[in-house]
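Colleague: What follows is my_file_1.csv, CSV, C-alpha atoms.
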chain,number,residue,atom,x,y,z
A,12,MET,CA,6.6,-3.1,-16.7
A,13,LYS,CA,3.4,-2.7,-18.5
A,14,LEU,CA,1.9,-6.1,-19.2
A,15,VAL,CA,-0.7,-6.4,-22.0
A,16,THR,CA,-2.9,-8.9,-23.7
A,17,PHE,CA,-3.2,-7.9,-27.3
A,18,GLU,CA,-4.5,-9.2,-30.7
A,19,HIS,CA,-2.7,-8.9,-34.0
A,20,SER,CA,-3.9,-10.6,-37.2
A,21,GLY,CA,-6.5,-12.5,-35.3
A,22,VAL,CA,-4.0,-14.0,-32.9
A,23,GLU,CA,-4.1,-13.1,-29.2
A,24,ARG,CA,-0.8,-12.8,-27.4
A,25,VAL,CA,0.8,-11.6,-24.1
A,26,GLY,CA,3.3,-8.8,-24.3
A,27,VAL,CA,5.4,-6.1,-22.6
A,28,VAL,CA,5.0,-2.5,-23.6
A,29,ARG,CA,8.3,-0.8,-24.3
A,30,GLN,CA,7.7,2.9,-25.3
A,31,ASP,CA,5.6,2.7,-28.5
A,32,ARG,CA,6.0,-1.0,-29.1
A,33,VAL,CA,4.9,-4.3,-27.6
A,34,VAL,CA,7.2,-7.3,-27.3
A,35,THR,CA,5.6,-10.8,-27.0
A,36,VAL,CA,6.1,-13.0,-24.0
A,37,ASP,CA,6.0,-16.8,-24.6
A,38,VAL,CA,3.0,-17.7,-22.4
A,39,PRO,CA,-0.5,-18.7,-23.6
A,40,ASP,CA,-2.3,-16.1,-21.5
A,41,MET,CA,-1.7,-13.5,-18.8
A,42,ARG,CA,-3.0,-15.7,-16.0
A,43,THR,CA,-0.4,-18.3,-16.9
A,44,LEU,CA,2.3,-15.7,-16.6
A,45,PHE,CA,1.3,-14.9,-13.0
A,46,GLU,CA,0.8,-18.6,-12.2
A,47,ARG,CA,4.4,-19.2,-13.2
A,48,GLY,CA,5.5,-16.9,-10.4
A,49,ASP,CA,9.0,-15.4,-10.4
A,50,ALA,CA,9.8,-17.4,-13.6
A,51,GLY,CA,6.9,-15.8,-15.4
A,52,MET,CA,7.9,-12.3,-14.4
A,53,GLU,CA,11.5,-12.9,-15.3
A,54,ALA,CA,10.4,-14.1,-18.7
A,55,ALA,CA,8.4,-10.9,-19.2
A,56,GLU,CA,11.4,-8.8,-18.1
A,57,ARG,CA,13.7,-10.3,-20.7
A,58,ALA,CA,11.1,-10.8,-23.4
A,59,ASN,CA,12.7,-10.6,-26.8
A,60,GLY,CA,10.0,-12.2,-28.9
A,61,ARG,CA,8.3,-10.7,-31.9
A,62,ASP,CA,7.5,-7.0,-31.5
A,63,PHE,CA,4.8,-4.9,-32.9
A,64,ALA,CA,4.0,-1.2,-33.0
A,65,LEU,CA,1.5,-0.5,-30.2
A,66,SER,CA,-0.6,1.5,-32.7
A,67,GLU,CA,-1.0,-1.6,-34.9
A,68,VAL,CA,-2.4,-4.0,-32.2
A,69,ARG,CA,-5.7,-4.3,-30.5
A,70,LEU,CA,-5.5,-4.3,-26.8
A,71,ARG,CA,-7.7,-6.8,-25.0
A,72,ALA,CA,-8.6,-7.1,-21.4
A,73,PRO,CA,-5.2,-7.7,-19.8
A,74,ILE,CA,-6.3,-10.6,-17.7
A,75,ILE,CA,-9.2,-12.9,-17.2
A,76,PRO,CA,-8.8,-13.9,-13.6
A,77,LYS,CA,-9.9,-17.1,-11.9
A,78,LYS,CA,-11.7,-14.9,-9.3
A,79,PHE,CA,-12.6,-11.2,-9.3
A,80,PHE,CA,-13.0,-9.9,-5.8
A,81,HIS,CA,-15.2,-6.9,-6.0
A,82,THR,CA,-14.8,-4.8,-2.8
A,83,ALA,CA,-16.6,-1.5,-2.1
A,84,GLY,CA,-17.2,1.1,0.6
A,85,ASN,CA,-13.4,1.8,1.0
A,86,PHE,CA,-13.6,5.5,0.0
A,87,ARG,CA,-15.5,7.5,2.7
A,88,GLU,CA,-16.2,10.3,0.2
A,89,HIS,CA,-18.3,7.9,-1.9
A,90,ALA,CA,-20.2,6.8,1.2
A,91,ASN,CA,-20.8,10.5,2.1
A,92,GLU,CA,-22.3,11.3,-1.3
A,93,ALA,CA,-24.6,8.3,-1.0
A,94,ASP,CA,-25.8,9.5,2.4
A,95,GLN,CA,-26.4,13.0,1.0
A,96,SER,CA,-28.5,11.6,-1.9
A,97,ASN,CA,-30.7,9.5,0.4
A,98,TRP,CA,-29.6,6.4,-1.4
A,99,VAL,CA,-31.7,3.3,-0.6
A,100,ALA,CA,-29.0,1.9,1.8
A,101,PRO,CA,-25.8,3.2,3.3
A,102,VAL,CA,-22.5,2.4,1.6
A,103,LEU,CA,-20.7,0.7,4.4
A,104,PRO,CA,-17.1,-0.4,4.7
A,105,TRP,CA,-16.1,-4.0,3.9
A,106,ILE,CA,-18.6,-4.8,1.1
A,107,ILE,CA,-17.5,-7.7,-1.1
A,108,PHE,CA,-18.9,-9.9,-3.7
A,109,PHE,CA,-17.6,-11.8,-6.7
A,110,GLN,CA,-17.7,-10.1,-10.1
A,111,ASN,CA,-18.8,-12.0,-13.2
A,112,ILE,CA,-15.5,-12.6,-15.1
A,113,ASP,CA,-17.5,-13.2,-18.3
A,114,ALA,CA,-18.5,-9.5,-18.2
A,115,ILE,CA,-14.9,-8.3,-18.5
A,116,ILE,CA,-14.1,-6.2,-21.6
A,117,GLY,CA,-10.9,-4.4,-22.6
A,118,GLN,CA,-9.6,-1.2,-24.1
A,119,ASP,CA,-11.9,0.5,-26.7
A,120,ASP,CA,-14.4,-2.3,-26.3
A,121,ALA,CA,-18.1,-1.4,-26.3
A,122,ILE,CA,-20.3,-1.3,-23.3
A,123,ILE,CA,-23.7,-2.6,-24.5
A,124,TYR,CA,-26.6,-0.7,-23.1
A,125,PRO,CA,-29.4,-3.3,-22.3
A,126,GLU,CA,-32.4,-0.9,-22.6
A,127,HIS,CA,-34.8,-3.7,-21.7
A,128,LEU,CA,-33.1,-4.0,-18.3
A,129,THR,CA,-32.1,-0.5,-17.2
A,130,GLU,CA,-32.6,3.2,-17.7
A,131,GLU,CA,-29.9,4.3,-15.2
A,132,LEU,CA,-26.5,3.2,-16.5
A,133,ASP,CA,-23.7,4.6,-14.3
A,134,TYR,CA,-19.9,4.6,-14.1
A,135,GLU,CA,-17.5,4.0,-11.2
A,136,LEU,CA,-13.7,4.5,-11.6
A,137,GLU,CA,-11.7,2.1,-9.5
A,138,LEU,CA,-8.1,1.0,-8.9
A,139,ALA,CA,-7.7,-2.8,-9.0
A,140,VAL,CA,-4.9,-5.0,-7.8
A,141,VAL,CA,-3.7,-8.2,-9.5
A,142,LEU,CA,-2.5,-10.9,-7.1
A,143,LYS,CA,1.0,-12.1,-7.8
A,144,LYS,CA,0.7,-15.5,-6.1
A,145,PRO,CA,-1.6,-17.7,-4.2
A,146,GLY,CA,-2.2,-16.9,-0.5
A,147,LYS,CA,-4.5,-16.9,2.4
A,148,HIS,CA,-4.7,-15.6,6.0
A,149,PHE,CA,-1.9,-13.1,5.7
A,150,THR,CA,-1.3,-9.8,7.5
A,151,PRO,CA,-1.3,-6.3,6.1
A,152,GLU,CA,2.4,-6.3,6.7
A,153,GLU,CA,2.8,-9.3,4.4
A,154,ALA,CA,0.4,-8.0,1.7
A,155,SER,CA,2.9,-6.3,-0.5
A,156,ASP,CA,4.4,-9.7,-1.2
A,157,TYR,CA,1.2,-10.6,-3.0
A,158,ILE,CA,0.8,-7.6,-5.2
A,159,GLY,CA,1.7,-8.3,-8.8
A,160,GLY,CA,0.3,-5.2,-10.4
A,161,TYR,CA,-2.3,-2.5,-10.8
A,162,VAL,CA,-5.0,-2.0,-13.4
A,163,ILE,CA,-7.9,0.4,-14.0
A,164,PHE,CA,-11.5,-0.9,-13.5
A,165,ASN,CA,-14.7,0.9,-14.5
A,166,ASP,CA,-17.5,-0.6,-12.5
A,167,ILE,CA,-20.5,-0.1,-14.8
A,168,THR,CA,-23.7,-0.3,-12.7
A,169,ALA,CA,-27.4,-0.4,-13.5
A,170,ARG,CA,-28.7,1.8,-10.6
A,171,ASP,CA,-32.4,1.1,-11.0
A,172,ILE,CA,-31.6,-2.7,-10.7
A,173,GLN,CA,-29.2,-2.0,-7.8
A,174,ARG,CA,-31.8,0.0,-6.0
A,175,ARG,CA,-34.2,-3.0,-6.0
A,176,GLU,CA,-31.4,-5.4,-5.1
A,177,MET,CA,-30.3,-3.4,-2.2
A,178,GLU,CA,-33.7,-3.6,-0.6
A,179,SER,CA,-32.6,-7.1,0.3
A,180,LYS,CA,-29.1,-5.8,1.1
A,181,VAL,CA,-27.5,-7.9,-1.7
A,182,PHE,CA,-26.4,-6.6,-5.1
A,183,THR,CA,-24.6,-8.4,-7.9
A,184,PHE,CA,-26.7,-8.6,-11.0
A,185,CYS,CA,-26.7,-4.8,-11.4
A,186,LYS,CA,-22.9,-4.8,-11.9
A,187,SER,CA,-22.4,-8.2,-13.6
A,188,ILE,CA,-24.3,-7.8,-16.9
A,189,ASP,CA,-22.4,-8.6,-20.1
A,190,THR,CA,-19.8,-5.9,-20.9
A,191,PHE,CA,-20.2,-4.2,-17.5
A,192,SER,CA,-16.6,-4.8,-16.4
A,193,PRO,CA,-14.1,-2.8,-18.4
A,194,LEU,CA,-10.6,-3.6,-17.3
A,195,GLY,CA,-7.3,-2.2,-18.7
A,196,PRO,CA,-5.5,-0.9,-20.6
A,197,TRP,CA,-2.7,-3.0,-19.1
A,198,ILE,CA,-1.3,-4.2,-15.8
A,199,VAL,CA,1.5,-2.0,-14.3
A,200,THR,CA,3.9,-3.8,-12.0
A,201,PRO,CA,4.6,-2.4,-8.6
A,202,ASP,CA,8.1,-1.3,-9.5
A,203,GLU,CA,6.5,1.5,-11.6
A,204,ILE,CA,4.1,2.5,-8.8
A,205,PRO,CA,6.1,3.0,-5.6
A,206,ASP,CA,3.1,4.4,-3.7
A,207,PRO,CA,-0.4,3.2,-4.9
A,208,HIS,CA,-1.9,5.7,-2.4
A,209,ASP,CA,-0.5,8.7,-4.3
A,210,LEU,CA,-2.3,8.5,-7.7
A,211,LYS,CA,-4.6,11.0,-9.3
A,212,MET,CA,-7.9,9.5,-10.5
A,213,GLU,CA,-10.2,11.0,-13.1
A,214,LEU,CA,-13.2,9.8,-15.1
A,215,ARG,CA,-14.5,11.8,-18.1
A,216,VAL,CA,-17.6,11.3,-20.2
A,217,ASN,CA,-17.4,12.9,-23.7
A,218,GLY,CA,-14.5,15.0,-22.3
A,219,GLU,CA,-16.5,16.3,-19.3
A,220,MET,CA,-15.0,15.6,-15.9
A,221,ARG,CA,-17.3,13.4,-13.8
A,222,GLN,CA,-15.0,11.9,-11.1
A,223,GLN,CA,-11.8,13.5,-9.8
A,224,SER,CA,-10.0,12.2,-6.7
A,225,TRP,CA,-6.8,10.7,-5.4
A,226,THR,CA,-6.1,7.2,-4.1
A,227,GLY,CA,-4.8,8.8,-0.9
A,228,ARG,CA,-8.4,9.5,0.1
A,229,ILE,CA,-9.0,5.8,0.6
A,230,SER,CA,-10.3,5.1,4.1
A,231,VAL,CA,-8.4,1.9,4.6
A,232,LYS,CA,-5.1,1.1,2.9
A,233,ILE,CA,-4.7,-1.5,0.1
A,234,PRO,CA,-2.6,-3.9,2.3
A,235,GLU,CA,-5.5,-3.9,4.9
A,236,ILE,CA,-8.0,-4.7,2.1
A,237,LEU,CA,-5.9,-7.5,0.7
A,238,SER,CA,-5.3,-9.0,4.2
A,239,HIS,CA,-9.0,-8.6,5.3
A,240,TYR,CA,-10.2,-10.8,2.4
A,241,SER,CA,-7.3,-13.2,2.3
A,242,PRO,CA,-9.3,-15.8,4.3
A,243,LEU,CA,-11.2,-16.4,1.1
A,244,GLY,CA,-8.0,-17.6,-0.5
A,245,TYR,CA,-6.3,-15.9,-3.5
A,246,SER,CA,-5.0,-17.5,-6.7
A,247,ALA,CA,-2.2,-16.1,-8.8
A,248,GLY,CA,-3.7,-13.6,-11.3
A,249,ASP,CA,-6.9,-12.9,-9.3
A,250,VAL,CA,-8.1,-9.4,-9.4
A,251,LEU,CA,-9.4,-7.3,-6.4
A,252,SER,CA,-11.1,-3.9,-6.9
A,253,THR,CA,-10.7,-1.2,-4.2
A,254,GLY,CA,-13.9,0.8,-4.6
A,255,THR,CA,-14.9,4.0,-6.3
A,256,VAL,CA,-14.6,7.7,-5.5
A,257,SER,CA,-17.1,10.4,-5.4
A,258,GLY,CA,-18.8,11.8,-8.5
A,259,VAL,CA,-21.0,9.0,-9.7
A,260,ALA,CA,-24.1,10.0,-11.6
A,261,ALA,CA,-26.6,8.3,-9.2
A,262,PHE,CA,-25.5,10.4,-6.2
A,263,SER,CA,-25.5,13.8,-8.0
A,264,SER,CA,-28.2,16.5,-7.8
A,265,ASP,CA,-29.4,15.6,-11.3
A,266,PRO,CA,-28.7,11.9,-12.0
A,267,LYS,CA,-30.8,11.6,-15.2
A,268,SER,CA,-28.7,14.2,-17.0
A,269,LEU,CA,-25.5,12.3,-16.2
A,270,TYR,CA,-26.4,8.6,-16.7
A,271,LEU,CA,-24.6,7.0,-19.6
A,272,LYS,CA,-26.4,6.6,-22.9
A,273,PRO,CA,-25.5,5.2,-26.3
A,274,GLY,CA,-22.9,7.2,-28.1
A,275,ASP,CA,-21.1,8.3,-24.9
A,276,ARG,CA,-17.3,7.9,-24.7
A,277,ILE,CA,-15.7,7.2,-21.3
A,278,GLU,CA,-12.1,7.8,-20.3
A,279,ALA,CA,-11.1,6.3,-16.9
A,280,GLU,CA,-7.7,7.5,-16.0
A,281,ILE,CA,-5.3,6.7,-13.1
A,282,GLU,CA,-1.9,8.3,-12.8
A,283,ARG,CA,1.1,6.1,-13.6
A,284,ILE,CA,-1.3,3.5,-15.1
A,285,GLY,CA,-2.9,5.1,-18.1
A,286,VAL,CA,-6.3,5.7,-19.6
A,287,LEU,CA,-9.0,3.0,-20.1
A,288,ARG,CA,-11.3,4.0,-22.9
A,289,ASN,CA,-14.7,2.6,-23.7
A,290,HIS,CA,-17.9,3.7,-25.5
A,291,VAL,CA,-21.5,2.9,-25.0
A,292,VAL,CA,-23.6,1.3,-27.8
A,293,SER,CA,-27.3,0.5,-28.1
A,294,TRP,CA,-28.7,-3.0,-28.1
A,295,GLN,CA,-29.7,-2.4,-31.7
A,296,GLU,CA,-26.2,-1.4,-32.8
A,297,ALA,CA,-24.6,-4.3,-30.9
A,298,TYR,CA,-27.0,-7.0,-32.1
A,299,GLY,CA,-28.7,-5.6,-35.2
A,300,GLN,CA,-32.2,-6.0,-33.7
A,301,ALA,CA,-34.5,-4.3,-31.2
A,302,PRO,CA,-34.0,-5.2,-27.5
A,303,PRO,CA,-36.2,-7.9,-25.9
A,304,PRO,CA,-39.3,-6.8,-24.0
A,305,LYS,CA,-38.6,-4.7,-21.0
A,306,VAL,CA,-38.0,-6.5,-17.7
A,307,ARG,CA,-39.3,-4.9,-14.5
A,308,TRP,CA,-37.0,-5.1,-11.6
Translate this structure into structure tokens?
Modeller:
Amino acid sequence: MKLVTFEHSGVERVGVVRQDRVVTVDVPDMRTLFERGDAGMEAAERANGRDFALSEVRLRAPIIPKKFFHTAGNFREHANEADQSNWVAPVLPWIIFFQNIDAIIGQDDAIIYPEHLTEELDYELELAVVLKKPGKHFTPEEASDYIGGYVIFNDITARDIQRREMESKVFTFCKSIDTFSPLGPWIVTPDEIPDPHDLKMELRVNGEMRQQSWTGRISVKIPEILSHYSPLGYSAGDVLSTGTVSGVAAFSSDPKSLYLKPGDRIEAEIERIGVLRNHVVSWQEAYGQAPPPKVRW
């Protein structure tokens, strides 16, 4: 199934995509659907509520989780390009921090460029996992029982802020600014993705290929990642990202030419899931006024 949160006539609903239509599910929000466990999924499977043409609705972020586990360093190819670019610190395995859930946006939403905070806005294509049920302290062999679906995540990052943060070996602000967490376009349940380690990944900016890889290149498998962080305790509907692949602007030979700017359109695509589309707007366009005085990081 493809599970969506969508808006029609000013009302936000949860639904299931069936070909070119979306059928409503009787739950107040997506997190509730996952919190209801098997009953929630069964309700989605037999959904027969009001339906709408997919072209007539506005897709929202599919879920606002209770916790967003942001993991990194899982693709060795990304670590290698960081090493080659002489980045301020190595990209090591088993990096984790909590993402700011208030920064989440959905399909076709704008990424607001905070010009007073950064001049180096970057993209990072990632596959994210939605947790099916609560759990803690489980093994990799048990992890598949906790996977409720997969979704595309674009980890927008202010690299100049990150560079300063990483001097103290901690970085969160650079990735957690308002609108920096595009998520979508929908959650695809595991029955439609028999092998999450066999998916093509592409990110394009204005139609130009920037990142191109394959989930099979991940250095550790998704069950290992889920198990490794399970001592923190998962709630139903939590989201866990699995890290980006090579091709980010910051680690290229000419970062300044590739950093995002207002007017750019980004397509983050993962096979069997879909395409997450977002665009970048200036502070002036978003708020109708000049940005605040520049902040030095």
Colleague: Do a neighbour search on range 214-225 of chain A at 12 Å with all atoms listed in the file, toss out local chain neighbours closer than 4 positions, and write the hits as a PyMOL selection string.
Modeller: chain A and resi 86-89+133-138+163-166+206-210+229-230+255-263+266+268-282+285-291
Colleague: Quick one: pull the distance between CA of Val292 in chain A and CA of Asp189 in chain A, Å, one decimal.
Modeller: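 A separation of 12.6 Å between them.
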Colleague: Measuring atom to atom with only C-alpha atoms, identify which of A:Leu128, A:Ile172, A:Leu142, A:Ala58 is nearest to Lys78 in chain A.
Modeller: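 So, comparing all the options, the nearest one is A:Leu142.
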Colleague: Out of A:Ala72, A:Ala64, A:Ile158, A:Ile106, which residue has the shortest atom-to-atom distance to Gly48 in chain A when counting all atoms listed in the file?
Modeller: A:Ile158
Colleague: Between CA of Val141 in chain A and CA of Ile112 in chain A, what is the distance in Å, rounded to a tenth?
Modeller: 13.8 Å
Colleague: Just how far from CA of Met12 in chain A is CA of Asn85 in chain A, in Å to one decimal?
Modeller: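 Interatomic distance, CA of Asn85 in chain A to CA of Met12 in chain A: 27.2 Å.
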Colleague: Find the residue from A:Lys77, A:His127, A:Lys143, A:His19 that sits nearest to Leu44 in chain A; use all atoms listed in the file when measuring.
Modeller: A:Lys143
Colleague: So, counting all atoms listed in the file, which residue among A:His81, A:Arg42, A:Lys267, A:Arg61 is closest to Leu132 in chain A?
Modeller: A:Lys267
Colleague: Check the smallest atom-to-atom distance from each of A:Val102, A:Val38, A:Val27, A:Met52 to Leu65 in chain A using all atoms listed in the file, then report the winner.
Modeller: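 Nearest to Leu65 in chain A: A:Val27.
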Colleague: Between A:Gly146, A:Pro196, A:Gly227, A:Gly160, which is the closest to Pro242 in chain A once you count only C-alpha atoms?
Modeller: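 Using only C-alpha atoms, the shortest distance to Pro242 in chain A belongs to A:Gly146.
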Colleague: Please work out which residues fall within 9 Å of (-29.1, -1.9, -11.3), coordinates as given in the file, with only C-alpha atoms counting, and return them as a PyMOL selection string.
Modeller: chain A and resi 128-133+168-176+182-186+308
Colleague: Using all atoms listed in the file - which residues lie no farther than 6 Å from the point (-29.3, -3.0, -24.1) in the file's frame? Write them as number ranges by chain.
Modeller: A: 123-126, 293-294
